[in-house]
file query34.cif (mmCIF, C-alpha atoms and all ligand atoms)
data_target
#
loop_
_atom_site.label_atom_id
_atom_site.label_comp_id
_atom_site.auth_asym_id
_atom_site.auth_seq_id
_atom_site.Cartn_x
_atom_site.Cartn_y
_atom_site.Cartn_z
CA MET N 912 62.80 -97.47 12.06
CA GLN N 913 62.36 -96.33 8.47
CA THR N 914 62.96 -99.16 6.00
CA TRP N 915 62.84 -97.53 2.59
CA PRO N 916 65.03 -94.61 1.48
CA ASP N 917 63.24 -91.25 1.05
CA SER N 918 61.73 -90.85 -2.41
CA PHE N 919 61.65 -94.58 -3.05
CA PRO N 920 58.14 -95.56 -4.18
CA ARG N 921 57.43 -99.07 -2.87
CA ILE N 922 55.11 -99.70 -5.79
CA PRO N 923 56.19 -97.94 -8.97
CA ASP N 924 53.71 -95.96 -11.04
CA GLU N 925 53.95 -98.28 -14.08
CA GLU N 926 51.41 -99.81 -16.44
CA TRP N 927 51.87 -103.43 -15.29
CA VAL N 928 50.66 -102.51 -11.79
CA GLN N 929 47.25 -101.53 -13.26
CA SER N 930 46.81 -104.68 -15.39
CA PRO N 931 44.38 -107.43 -14.31
CA VAL N 932 45.72 -110.44 -12.40
CA GLY N 933 46.30 -113.32 -14.86
CA GLU N 934 45.37 -117.02 -14.76
CA LEU N 935 48.88 -118.44 -15.15
CA ALA N 936 50.22 -116.47 -12.19
CA LEU N 937 47.27 -117.61 -10.04
CA LYS N 938 47.91 -121.18 -11.12
CA TYR N 939 51.62 -120.94 -10.26
CA ASP N 940 50.78 -119.45 -6.89
CA THR N 941 48.96 -122.64 -5.83
CA VAL N 942 52.35 -124.39 -5.49
CA GLU N 943 52.55 -122.66 -2.12
CA ASP N 944 50.26 -125.42 -0.82
CA HIS N 945 52.34 -128.21 -2.37
CA GLY N 946 54.50 -130.36 -0.11
CA TRP N 947 57.59 -129.78 -2.27
CA TYR N 948 57.35 -126.03 -1.57
CA ARG N 949 58.68 -126.87 1.87
CA ASN N 950 61.94 -126.28 0.01
CA LEU N 951 61.47 -122.69 1.27
CA ASP N 952 61.64 -123.71 4.96
CA ARG N 953 65.43 -123.84 5.10
CA THR N 954 65.75 -120.50 3.28
CA ILE N 955 63.28 -118.83 5.67
CA GLN N 956 65.30 -120.16 8.59
CA ASP N 957 68.57 -118.83 7.07
CA LEU N 958 67.05 -115.41 6.36
CA ALA N 959 65.51 -115.22 9.84
CA GLY N 960 69.00 -115.74 11.25
CA PHE N 961 70.56 -113.02 9.11
CA LEU N 962 68.13 -110.12 8.64
CA LYS N 963 68.07 -107.30 11.19
CA PRO N 964 65.51 -104.58 11.89
CA GLY N 965 65.85 -102.01 9.09
CA SER N 966 67.54 -104.49 6.68
CA ILE N 967 66.42 -104.64 3.06
CA LEU N 968 66.22 -108.08 1.46
CA LEU N 969 66.16 -108.15 -2.32
CA ASP N 970 64.10 -111.17 -3.41
CA TYR N 971 65.48 -111.62 -6.92
CA SER N 972 63.00 -113.57 -9.09
CA GLY N 973 60.57 -113.34 -6.19
CA GLY N 974 57.71 -114.24 -8.55
CA THR N 975 54.25 -114.20 -7.00
CA GLY N 976 55.67 -113.42 -3.54
CA ILE N 977 55.41 -116.83 -1.87
CA LEU N 978 58.72 -116.49 0.02
CA ALA N 979 58.06 -112.85 0.95
CA GLY N 980 54.57 -113.69 2.24
CA ARG N 981 55.94 -116.44 4.44
CA LEU N 982 58.74 -114.23 5.76
CA LEU N 983 56.29 -111.49 6.74
CA GLU N 984 54.21 -114.07 8.54
CA GLU N 985 56.94 -116.10 10.20
CA VAL N 986 59.33 -113.27 11.13
CA ALA N 987 56.55 -110.75 11.72
CA GLU N 988 58.09 -108.97 14.69
CA ARG N 989 61.29 -107.81 12.96
CA ASN N 990 60.95 -104.75 10.81
CA PHE N 991 62.93 -105.50 7.64
CA GLY N 992 61.83 -104.68 4.10
CA VAL N 993 61.51 -107.11 1.19
CA LEU N 994 61.97 -105.84 -2.34
CA ILE N 995 60.69 -108.32 -4.93
CA VAL N 996 62.41 -107.93 -8.29
CA ASP N 997 61.17 -110.13 -11.13
CA SER N 998 61.16 -110.29 -14.92
CA SER N 999 57.53 -111.39 -15.17
CA PRO N 1000 55.05 -108.50 -14.98
CA LYS N 1001 52.27 -111.06 -14.53
CA PHE N 1002 53.85 -112.77 -11.51
CA LEU N 1003 54.84 -109.41 -10.05
CA ARG N 1004 51.29 -108.09 -10.54
CA LEU N 1005 49.96 -110.96 -8.40
CA ALA N 1006 52.66 -110.27 -5.79
CA VAL N 1007 51.42 -106.65 -5.56
CA GLU N 1008 47.84 -107.88 -5.24
CA LYS N 1009 48.78 -110.21 -2.38
CA LEU N 1010 51.34 -108.12 -0.51
CA GLY N 1011 51.21 -104.54 -1.79
CA ARG N 1012 49.37 -103.27 1.29
CA HIS N 1013 52.31 -104.15 3.55
CA GLN N 1014 54.52 -101.15 4.15
CA ARG N 1015 57.46 -103.56 4.36
CA MET N 1016 57.07 -104.70 0.73
CA GLY N 1017 58.51 -103.11 -2.42
CA PHE N 1018 58.34 -104.26 -6.07
CA ARG N 1019 60.43 -103.66 -9.20
CA LEU N 1020 60.12 -105.11 -12.71
CA ILE N 1021 63.14 -106.31 -14.70
CA ARG N 1022 62.33 -105.44 -18.30
CA TYR N 1023 63.34 -107.35 -21.38
CA LEU N 1024 65.43 -105.16 -23.70
CA LYS N 1025 64.24 -106.38 -27.10
CA GLU N 1026 66.96 -104.84 -29.24
CA GLN N 1027 69.72 -106.18 -27.02
CA LYS N 1028 67.90 -109.50 -26.52
CA ARG N 1029 68.57 -109.50 -22.79
CA LEU N 1030 66.99 -108.66 -19.47
CA GLN N 1031 67.89 -105.48 -17.63
CA LEU N 1032 70.54 -105.83 -14.96
CA LEU N 1033 69.73 -104.71 -11.41
CA GLN N 1034 71.63 -101.48 -12.05
CA GLU N 1035 69.20 -100.72 -14.87
CA CYS N 1036 65.98 -101.36 -12.98
CA LEU N 1037 66.79 -100.28 -9.40
CA ASP N 1038 66.34 -96.65 -8.39
CA PRO N 1039 69.71 -94.86 -7.92
CA VAL N 1040 68.74 -94.10 -4.31
CA MET N 1041 68.50 -97.86 -3.60
CA GLN N 1042 71.78 -98.53 -5.37
CA GLU N 1043 73.49 -95.88 -3.23
CA ARG N 1044 72.07 -97.44 -0.09
CA GLY N 1045 72.88 -101.01 -1.13
CA VAL N 1046 70.77 -103.98 -0.06
CA ASP N 1047 71.60 -106.12 2.97
CA ALA N 1048 70.85 -109.51 1.47
CA ILE N 1049 69.80 -111.07 -1.81
CA VAL N 1050 67.77 -114.26 -2.05
CA SER N 1051 66.90 -116.32 -5.11
CA THR N 1052 64.60 -119.33 -4.68
CA ASN N 1053 63.64 -121.86 -7.34
CA ALA N 1054 64.95 -119.67 -10.12
CA ILE N 1055 68.74 -119.55 -10.65
CA HIS N 1056 68.60 -122.51 -13.05
CA LEU N 1057 66.52 -120.27 -15.34
CA TYR N 1058 69.08 -117.48 -15.72
CA TYR N 1059 70.56 -117.30 -19.20
CA ASP N 1060 73.04 -114.55 -18.35
CA LEU N 1061 74.15 -116.13 -15.10
CA GLN N 1062 77.56 -114.45 -14.79
CA GLU N 1063 76.24 -110.97 -15.56
CA THR N 1064 73.33 -111.49 -13.17
CA LEU N 1065 75.61 -112.55 -10.30
CA THR N 1066 77.96 -109.63 -10.95
CA SER N 1067 75.01 -107.24 -10.81
CA TRP N 1068 74.03 -108.78 -7.45
CA ARG N 1069 77.51 -108.11 -6.08
CA LYS N 1070 77.27 -104.43 -7.10
CA ALA N 1071 73.83 -104.06 -5.49
CA LEU N 1072 74.83 -105.76 -2.23
CA LYS N 1073 76.50 -104.10 0.76
CA ASN N 1074 80.01 -105.35 1.59
CA ASP N 1075 78.75 -107.06 4.73
CA GLY N 1076 75.72 -108.53 2.97
CA ARG N 1077 74.96 -112.13 2.10
CA VAL N 1078 73.48 -114.03 -0.82
CA PHE N 1079 71.12 -116.99 -0.32
CA ILE N 1080 70.47 -119.18 -3.34
CA GLN N 1081 68.45 -122.35 -3.61
CA SER N 1082 67.15 -124.52 -6.40
CA GLY N 1083 66.01 -128.10 -6.97
CA ASN N 1084 67.58 -128.05 -10.43
CA ILE N 1085 71.28 -127.97 -9.70
CA GLY N 1086 73.20 -131.04 -10.84
CA MET N 1087 75.31 -133.02 -8.38
CA PRO N 1088 78.21 -135.35 -9.08
CA TYR N 1089 76.27 -138.10 -7.31
CA THR N 1090 72.51 -138.43 -6.81
CA PRO N 1091 71.53 -141.10 -4.26
CA ALA N 1092 69.35 -143.95 -5.58
CA GLY N 1093 65.67 -143.04 -5.59
CA ALA N 1094 66.34 -139.28 -5.31
CA TRP N 1095 65.62 -136.89 -8.15
CA ILE N 1096 66.71 -133.54 -9.51
CA ILE N 1097 63.14 -132.39 -9.90
CA ASP N 1098 63.12 -131.27 -13.56
CA GLU N 1099 64.89 -134.49 -14.59
CA THR N 1100 61.59 -136.24 -13.91
CA VAL N 1101 60.32 -134.59 -17.11
CA ASP N 1102 62.79 -136.40 -19.34
CA ALA N 1103 62.04 -139.66 -17.52
CA ILE N 1104 58.29 -139.08 -18.08
CA HIS N 1105 58.93 -138.51 -21.78
CA LYS N 1106 60.94 -141.74 -22.06
CA ALA N 1107 58.37 -143.79 -20.10
CA ALA N 1108 55.56 -142.33 -22.24
CA MET N 1109 57.36 -143.45 -25.42
CA GLU N 1110 57.50 -146.99 -24.01
CA ILE N 1111 53.81 -146.93 -23.08
CA VAL N 1112 52.79 -145.70 -26.53
CA ALA N 1113 54.86 -148.47 -28.14
CA GLU N 1114 53.30 -151.15 -25.89
CA ASP N 1115 49.69 -150.11 -25.38
CA GLU N 1116 47.17 -150.24 -28.25
CA THR N 1117 45.17 -147.39 -26.69
CA TYR N 1118 47.88 -145.03 -27.87
CA ALA N 1119 48.57 -146.63 -31.29
CA ALA N 1120 47.59 -143.37 -33.03
CA TYR N 1121 50.75 -141.70 -31.70
CA ARG N 1122 53.17 -144.39 -32.88
CA PRO N 1123 53.92 -142.81 -36.30
CA THR N 1124 55.12 -139.66 -34.49
CA LEU N 1125 57.66 -141.72 -32.54
CA SER N 1126 59.41 -142.70 -35.77
CA ASP N 1127 59.32 -139.16 -37.22
CA SER N 1128 62.76 -138.04 -36.04
CA GLN N 1129 62.36 -134.47 -37.25
CA ARG N 1130 59.17 -133.94 -35.25
CA MET N 1131 60.59 -135.68 -32.21
CA GLU N 1132 63.69 -133.45 -32.35
CA GLY N 1133 61.42 -130.40 -32.54
CA HIS N 1134 59.64 -131.57 -29.39
CA ASP N 1135 62.95 -132.35 -27.64
CA ALA N 1136 63.98 -128.74 -28.28
CA LEU N 1137 60.61 -127.48 -27.02
CA ARG N 1138 60.96 -129.56 -23.86
CA ARG N 1139 64.40 -128.05 -23.24
CA LYS N 1140 62.84 -124.57 -23.52
CA PHE N 1141 60.25 -125.31 -20.85
CA PHE N 1142 62.62 -127.34 -18.65
CA LEU N 1143 66.20 -126.21 -19.11
CA PRO N 1144 68.94 -128.86 -19.08
CA VAL N 1145 70.34 -129.20 -15.56
CA ARG N 1146 73.74 -127.52 -15.09
CA PRO N 1147 76.24 -129.00 -12.61
CA ILE N 1148 76.89 -127.36 -9.25
CA ASP N 1149 80.42 -126.32 -10.24
CA HIS N 1150 78.96 -124.22 -13.03
CA TYR N 1151 77.22 -122.14 -10.35
CA LEU N 1152 79.99 -122.12 -7.74
CA GLU N 1153 82.63 -120.96 -10.25
CA ARG N 1154 80.45 -118.08 -11.43
CA ILE N 1155 79.49 -117.05 -7.89
CA GLU N 1156 83.20 -116.81 -7.01
CA ALA N 1157 84.01 -115.00 -10.28
CA ALA N 1158 81.33 -112.42 -9.46
CA GLY N 1159 83.25 -111.44 -6.31
CA PHE N 1160 81.76 -113.74 -3.66
CA THR N 1161 83.19 -116.39 -1.38
CA VAL N 1162 80.97 -119.43 -1.11
CA ARG N 1163 80.48 -120.05 2.61
CA GLU N 1164 78.09 -122.99 2.58
CA VAL N 1165 76.63 -125.56 0.21
CA THR N 1166 73.93 -127.86 1.56
CA HIS N 1167 71.79 -130.49 -0.13
CA LEU N 1168 68.47 -131.45 1.44
CA PRO N 1169 65.89 -134.05 0.47
CA ILE N 1170 62.43 -132.59 -0.09
CA GLU N 1171 59.43 -134.88 -0.33
CA ALA N 1172 57.29 -134.24 -3.39
CA HIS N 1173 53.85 -135.81 -3.72
CA VAL N 1174 53.34 -137.37 -7.12
CA ASP N 1175 49.77 -135.94 -7.32
CA GLN N 1176 50.99 -132.41 -6.69
CA TRP N 1177 53.93 -132.71 -9.07
CA TYR N 1178 51.47 -133.99 -11.70
CA GLU N 1179 49.20 -131.02 -11.05
CA PHE N 1180 52.16 -128.66 -11.56
CA LEU N 1181 53.43 -130.40 -14.71
CA SER N 1182 49.96 -130.64 -16.23
CA ALA N 1183 49.96 -126.83 -16.57
CA TYR N 1184 53.02 -127.21 -18.85
CA HIS N 1185 51.84 -130.37 -20.71
CA GLU N 1186 52.93 -128.95 -24.06
CA GLY N 1187 56.53 -128.86 -22.83
CA VAL N 1188 56.33 -132.32 -21.23
CA LEU N 1189 54.70 -134.43 -23.96
CA GLY N 1190 54.07 -132.04 -26.85
CA TRP N 1191 54.59 -134.88 -29.35
CA VAL N 1192 51.31 -136.43 -28.17
CA GLY N 1193 48.91 -134.51 -30.41
CA GLY N 1194 51.46 -131.91 -31.52
CA SER N 1195 52.08 -128.26 -30.74
CA ARG N 1196 51.66 -124.99 -32.60
CA ARG N 1197 55.32 -124.28 -31.92
CA VAL N 1198 56.51 -127.46 -33.67
CA GLU N 1199 53.86 -128.52 -36.22
CA GLY N 1200 52.14 -125.15 -36.56
CA ASN N 1201 48.76 -126.44 -35.24
CA ASP N 1202 47.23 -126.70 -31.81
CA PRO N 1203 46.40 -130.23 -30.60
CA ALA N 1204 42.75 -131.36 -30.55
CA PRO N 1205 41.17 -131.31 -27.06
CA ALA N 1206 40.96 -135.14 -27.15
CA ASP N 1207 44.73 -135.32 -27.76
CA VAL N 1208 45.37 -133.03 -24.79
CA GLU N 1209 43.26 -135.41 -22.68
CA GLN N 1210 45.36 -138.36 -23.88
CA ARG N 1211 48.54 -136.39 -23.23
CA LEU N 1212 47.52 -135.75 -19.63
CA THR N 1213 46.54 -139.41 -19.14
CA LEU N 1214 49.89 -140.46 -20.53
CA ILE N 1215 51.80 -138.06 -18.25
CA ARG N 1216 50.00 -139.65 -15.30
CA ALA N 1217 50.67 -143.20 -16.55
CA ALA N 1218 54.35 -142.41 -17.15
CA MET N 1219 54.62 -141.00 -13.62
CA GLU N 1220 53.09 -144.21 -12.21
CA ARG N 1221 55.77 -146.10 -14.08
CA ILE N 1222 58.81 -144.05 -13.07
CA PHE N 1223 57.76 -143.69 -9.43
CA GLU N 1224 56.66 -147.37 -9.31
CA SER N 1225 53.16 -146.42 -8.07
CA ARG N 1226 54.53 -144.70 -4.95
CA SER N 1227 52.63 -141.60 -3.82
CA SER N 1228 55.72 -139.45 -3.28
CA PHE N 1229 59.36 -139.16 -4.24
CA GLN N 1230 62.44 -137.44 -2.87
CA ALA N 1231 63.76 -134.41 -4.69
CA LEU N 1232 67.15 -132.94 -3.85
CA TRP N 1233 67.39 -129.22 -3.23
CA THR N 1234 70.69 -127.34 -3.14
CA TYR N 1235 71.23 -124.35 -0.82
CA ILE N 1236 74.19 -122.01 -1.33
CA ALA N 1237 75.20 -119.07 0.86
CA ALA N 1238 77.90 -116.65 -0.26
CA ASP N 1239 79.51 -113.47 1.11
CA PRO N 1240 81.24 -110.64 -0.74
CA LYS N 1241 85.00 -111.22 -0.94
C1 LIG N 1301 59.80 -120.98 -10.55
S1 LIG N 1301 59.50 -119.29 -10.28
C2 LIG N 1301 60.02 -119.08 -8.60
C3 LIG N 1301 59.41 -117.88 -7.96
C4 LIG N 1301 59.75 -117.68 -6.47
N1 LIG N 1301 61.13 -117.31 -6.26
C5 LIG N 1301 59.38 -118.90 -5.67
O1 LIG N 1301 60.26 -119.58 -5.10
O2 LIG N 1301 58.17 -119.17 -5.62
C6 LIG N 1301 60.82 -118.55 -11.19
C7 LIG N 1301 60.80 -117.04 -11.24
O3 LIG N 1301 62.00 -116.57 -11.85
C8 LIG N 1301 61.70 -115.48 -12.70
N2 LIG N 1301 62.81 -115.42 -13.67
C9 LIG N 1301 63.10 -116.28 -14.64
N3 LIG N 1301 64.22 -115.94 -15.28
C10 LIG N 1301 64.67 -114.82 -14.67
C11 LIG N 1301 65.81 -114.00 -14.85
N4 LIG N 1301 66.69 -114.26 -15.81
N5 LIG N 1301 65.98 -112.94 -14.04
C12 LIG N 1301 65.07 -112.69 -13.07
N6 LIG N 1301 63.99 -113.43 -12.84
C13 LIG N 1301 63.79 -114.49 -13.63
C14 LIG N 1301 60.33 -115.82 -13.24
O4 LIG N 1301 59.64 -114.68 -13.72
C15 LIG N 1301 59.66 -116.44 -12.02
O5 LIG N 1301 59.01 -115.48 -11.23
#
call {"tool": "encode", "arguments": {"input": "query34.cif", "output": "structure tokens"}}
result
Amino acid sequence: MQTWPDSFPRIPDEEWVQSPVGELALKYDTVEDHGWYRNLDRTIQDLAGFLKPGSILLDYSGGTGILAGRLLEEVAERNFGVLIVDSSPKFLRLAVEKLGRHQRMGFRLIRYLKEQKRLQLLQECLDPVMQERGVDAIVSTNAIHLYYDLQETLTSWRKALKNDGRVFIQSGNIGMPYTPAGAWIIDETVDAIHKAAMEIVAEDETYAAYRPTLSDSQRMEGHDALRRKFFLPVRPIDHYLERIEAAGFTVREVTHLPIEAHVDQWYEFLSAYHEGVLGWVGGSRRVEGNDPAPADVEQRLTLIRAAMERIFESRSSFQALWTYIAADPK
């Protein structure tokens, strides 16, 4: 059965496809081996139950292709196509490197429209032939909490999806009215690390050099804003459900699942974004105008680790809560 419409190039002839694979994308891709990336298991199971031979799944914000790779492996016998659409040419470039040889994979870049200060909508980056066909399902994993234009994005999904299609959304950064004791919304650990690090600096002489920064409210506010850029404030579940409905969907299921995250692996992930976690330790070009000295970066990483020991009370893992939402066109 033919998956792609005629005259639909799986890999577009665009400059980003020819660029070298970058470090940051390779670093992100290692999360595939992290325990907390088992958050994809439930989504894979849901997609395996929905996709049919010949279906096209649009993996919106598919990044480096971790979900797509697992789907090809775990549901190998069924001939559906996966079209990864992402706003990062670097992540998408790595996805092409890893999966481009599979005839079942397609890739499209969402470009940033500088003058309009927004990302393209699906209708602006998908070939007309694909829009006419419509996709059978849309999935978004670990990404919806990053969408600035959430309503417009969801509305564009509805237009791209067939009437009998389904949307599968999941994220560990959706706020809940009640979080059980000991469970975390994963990005909220960052604020807790920041607060614990301030306590450690105030208590421990080793870090005395950073104490003047703590009382410099202007600098600290600059770093608070920087932290919120790296790790967006968590929005409550109703914020998402209301917009999903307003985009023309009926929410059919909302599930919350605990996912075990190893502290070591979460540290490894966060250490790649240390500037956004504890930028005030040593400073940041984006706040003070100068890069931190290498020794300050070392101290920053040590402090992130020490703060994690404190908030997780020396345990080796913690429970993060993931939210799974399925919705159908009205
Ligand atoms: C944390 S990664 C998750 C990647 C992948 N879905 C996964 O589960 O491994 C978030 C992805 O969302 C993409 N992204 C961020 N904001 C976006 C937006 N507004 N529209 C589309 N993609 C976006 C990023 O480029 C990145 O690939």
call {"tool": "residues_around", "arguments": {"input": "query34.cif", "residues": "N:His1013", "least_positions_apart": "5", "cutoff": "10 Å", "atoms": "all atoms listed in the file", "output": "VMD selection string"}}
result
chain N and resid 921 980 983 992 to 993 1007
call {"tool": "residues_near_point", "arguments": {"input": "query34.cif", "point": "(80.8, -114.8, 0.8)", "cutoff": "6 Å", "atoms": "only C-alpha atoms", "output": "ChimeraX atom specification"}}
result
/N:1160-1163,1238-1241
call {"tool": "axis_aligned_box", "arguments": {"input": "query34.cif", "around": "ligand LIG 1301 (chain N)", "padding_each_side": "3 Å", "output": "lines of an AutoDock Vina configuration file"}}
result
center_x = 62.4
center_y = -116.8
center_z = -10.5
size_x = 14.5
size_y = 14.3
size_z = 16.7
call {"tool": "residues_near_ligand", "arguments": {"input": "query34.cif", "ligand": "ligand LIG 1301 (chain N)", "cutoff": "6 Å", "atoms": "only C-alpha atoms and all ligand atoms", "output": "ChimeraX atom specification"}}
result
/N:972-974,977,997-999,1002,1051-1054,1057-1059
call {"tool": "closest_atom_pairs", "arguments": {"input": "query34.cif", "of": "stretch 1150-1193 of chain N", "to": "stretch 1066-1089 of chain N", "cutoff": "9 Å", "atoms": "all atoms listed in the file", "output": "tab-separated table"}}
result
residue	atom	partner	partner_atom	distance
N:Tyr1151	CA	N:Ile1085	CA	8.3
N:Arg1154	CA	N:Thr1066	CA	8.8
N:Ile1155	CA	N:Thr1066	CA	8.2
N:Ala1157	CA	N:Thr1066	CA	8.1
N:Ala1158	CA	N:Thr1066	CA	4.6
N:Gly1159	CA	N:Arg1069	CA	6.6
N:Phe1160	CA	N:Arg1069	CA	7.5
N:Ile1170	CA	N:Gly1083	CA	9.0
call {"tool": "closest_atom_pairs", "arguments": {"input": "query34.cif", "of": "stretch 1123-1144 of chain N", "to": "stretch 1177-1198 of chain N", "cutoff": "7 Å", "atoms": "only C-alpha atoms", "output": "Markdown table"}}
result
| residue | atom | partner | partner_atom | distance |
| --- | --- | --- | --- | --- |
| N:Met1131 | CA | N:Trp1191 | CA | 6.7 |
| N:Gly1133 | CA | N:Val1198 | CA | 5.8 |
| N:His1134 | CA | N:Trp1191 | CA | 6.0 |
| N:Leu1137 | CA | N:Gly1187 | CA | 6.0 |
| N:Arg1138 | CA | N:Gly1187 | CA | 4.6 |
| N:Phe1141 | CA | N:Gly1187 | CA | 5.5 |
call {"tool": "residues_around", "arguments": {"input": "query34.cif", "residues": "N:Glu988", "least_positions_apart": "6", "cutoff": "12 Å", "atoms": "all atoms listed in the file", "output": "number ranges by chain"}}
result
N: 959, 962-965, 982, 1015
call {"tool": "closest_residue", "arguments": {"input": "query34.cif", "among": "N:Ile1222, N:Thr1166, N:His1150, N:Asp924", "to": "N:Asp1102", "atoms": "all atoms listed in the file"}}
result
N:Ile1222
call {"tool": "closest_residue", "arguments": {"input": "query34.cif", "among": "N:Phe1142, N:Phe961, N:Phe919, N:Trp1233", "to": "N:Leu1168", "atoms": "all atoms listed in the file"}}
result
N:Trp1233
call {"tool": "residues_around", "arguments": {"input": "query34.cif", "residues": "N:Leu1214", "least_positions_apart": "2", "cutoff": "12 Å", "atoms": "only C-alpha atoms", "output": "ChimeraX atom specification"}}
result
/N:1104-1112,1115,1117-1118,1121,1178,1182,1185,1188-1193,1207-1212,1216-1221
call {"tool": "atom_distance", "arguments": {"input": "query34.cif", "atom1": "atom CA of N:Val1165", "atom2": "atom CA of N:Val1046"}}
result
22.4 Å
call {"tool": "closest_residue", "arguments": {"input": "query34.cif", "among": "N:Lys1001, N:Ser966, N:Tyr948, N:Leu994", "to": "N:Leu935", "atoms": "all atoms listed in the file"}}
result
N:Lys1001
call {"tool": "closest_residue", "arguments": {"input": "query34.cif", "among": "N:Arg981, N:Arg1022, N:His1173, N:Lys1028", "to": "N:Ser1228", "atoms": "only C-alpha atoms"}}
result
N:His1173
call {"tool": "atom_distance", "arguments": {"input": "query34.cif", "atom1": "atom CA of N:Ala987", "atom2": "atom CA of N:Trp947"}}
result
23.6 Å
call {"tool": "atom_distance", "arguments": {"input": "query34.cif", "atom1": "atom CA of N:Val996", "atom2": "atom CA of N:Phe1018"}}
result
5.9 Å
call {"tool": "closest_residue", "arguments": {"input": "query34.cif", "among": "N:Thr975, N:Gln1042, N:Thr954, N:Thr1124", "to": "N:Val932", "atoms": "all atoms listed in the file"}}
result
N:Thr975
call {"tool": "decode", "arguments": {"input": "query34.cif", "residues": "stretch 1005-1021 of chain N", "atoms": "N, CA and C atoms", "output": "PDB file, in the first residue's frame"}}
result
ATOM      1  N   LEU N1005      18.913  15.915  12.704  1.00  0.00           N
ATOM      2  CA  LEU N1005      19.324  14.649  13.326  1.00  0.00           C
ATOM      3  C   LEU N1005      18.275  13.560  13.058  1.00  0.00           C
ATOM      4  N   ALA N1006      17.003  13.959  13.068  1.00  0.00           N
ATOM      5  CA  ALA N1006      15.939  12.978  12.774  1.00  0.00           C
ATOM      6  C   ALA N1006      16.130  12.400  11.369  1.00  0.00           C
ATOM      7  N   VAL N1007      16.494  13.249  10.402  1.00  0.00           N
ATOM      8  CA  VAL N1007      16.737  12.765   9.027  1.00  0.00           C
ATOM      9  C   VAL N1007      17.934  11.813   9.019  1.00  0.00           C
ATOM     10  N   GLU N1008      18.973  12.186   9.764  1.00  0.00           N
ATOM     11  CA  GLU N1008      20.168  11.337   9.832  1.00  0.00           C
ATOM     12  C   GLU N1008      19.814   9.937  10.351  1.00  0.00           C
ATOM     13  N   LYS N1009      18.977   9.917  11.407  1.00  0.00           N
ATOM     14  CA  LYS N1009      18.655   8.641  12.048  1.00  0.00           C
ATOM     15  C   LYS N1009      17.647   7.826  11.249  1.00  0.00           C
ATOM     16  N   LEU N1010      16.648   8.499  10.657  1.00  0.00           N
ATOM     17  CA  LEU N1010      15.485   7.769  10.133  1.00  0.00           C
ATOM     18  C   LEU N1010      15.193   8.015   8.655  1.00  0.00           C
ATOM     19  N   GLY N1011      15.964   8.905   8.035  1.00  0.00           N
ATOM     20  CA  GLY N1011      15.665   9.305   6.653  1.00  0.00           C
ATOM     21  C   GLY N1011      15.631   8.158   5.659  1.00  0.00           C
ATOM     22  N   ARG N1012      16.373   7.084   5.947  1.00  0.00           N
ATOM     23  CA  ARG N1012      16.429   5.970   4.984  1.00  0.00           C
ATOM     24  C   ARG N1012      15.128   5.163   4.961  1.00  0.00           C
ATOM     25  N   HIS N1013      14.304   5.305   5.995  1.00  0.00           N
ATOM     26  CA  HIS N1013      13.049   4.547   6.033  1.00  0.00           C
ATOM     27  C   HIS N1013      12.025   5.173   5.095  1.00  0.00           C
ATOM     28  N   GLN N1014      11.500   4.370   4.199  1.00  0.00           N
ATOM     29  CA  GLN N1014      10.498   4.883   3.262  1.00  0.00           C
ATOM     30  C   GLN N1014       9.242   5.360   3.989  1.00  0.00           C
ATOM     31  N   ARG N1015       9.064   4.905   5.222  1.00  0.00           N
ATOM     32  CA  ARG N1015       7.850   5.275   5.964  1.00  0.00           C
ATOM     33  C   ARG N1015       7.978   6.617   6.672  1.00  0.00           C
ATOM     34  N   MET N1016       9.145   7.257   6.578  1.00  0.00           N
ATOM     35  CA  MET N1016       9.367   8.522   7.300  1.00  0.00           C
ATOM     36  C   MET N1016       9.370   9.729   6.370  1.00  0.00           C
ATOM     37  N   GLY N1017       8.711  10.810   6.805  1.00  0.00           N
ATOM     38  CA  GLY N1017       8.766  12.088   6.098  1.00  0.00           C
ATOM     39  C   GLY N1017       9.127  13.192   7.097  1.00  0.00           C
ATOM     40  N   PHE N1018       9.573  14.344   6.588  1.00  0.00           N
ATOM     41  CA  PHE N1018      10.077  15.417   7.463  1.00  0.00           C
ATOM     42  C   PHE N1018       9.685  16.786   6.887  1.00  0.00           C
ATOM     43  N   ARG N1019       9.208  17.674   7.742  1.00  0.00           N
ATOM     44  CA  ARG N1019       8.934  19.050   7.317  1.00  0.00           C
ATOM     45  C   ARG N1019       9.336  20.023   8.423  1.00  0.00           C
ATOM     46  N   LEU N1020       9.927  21.140   8.007  1.00  0.00           N
ATOM     47  CA  LEU N1020      10.372  22.168   8.951  1.00  0.00           C
ATOM     48  C   LEU N1020       9.314  23.259   9.089  1.00  0.00           C
ATOM     49  N   ILE N1021       9.026  23.636  10.339  1.00  0.00           N
ATOM     50  CA  ILE N1021       8.171  24.802  10.610  1.00  0.00           C
ATOM     51  C   ILE N1021       9.117  25.981  10.737  1.00  0.00           C
TER      52      ILE N1021
END
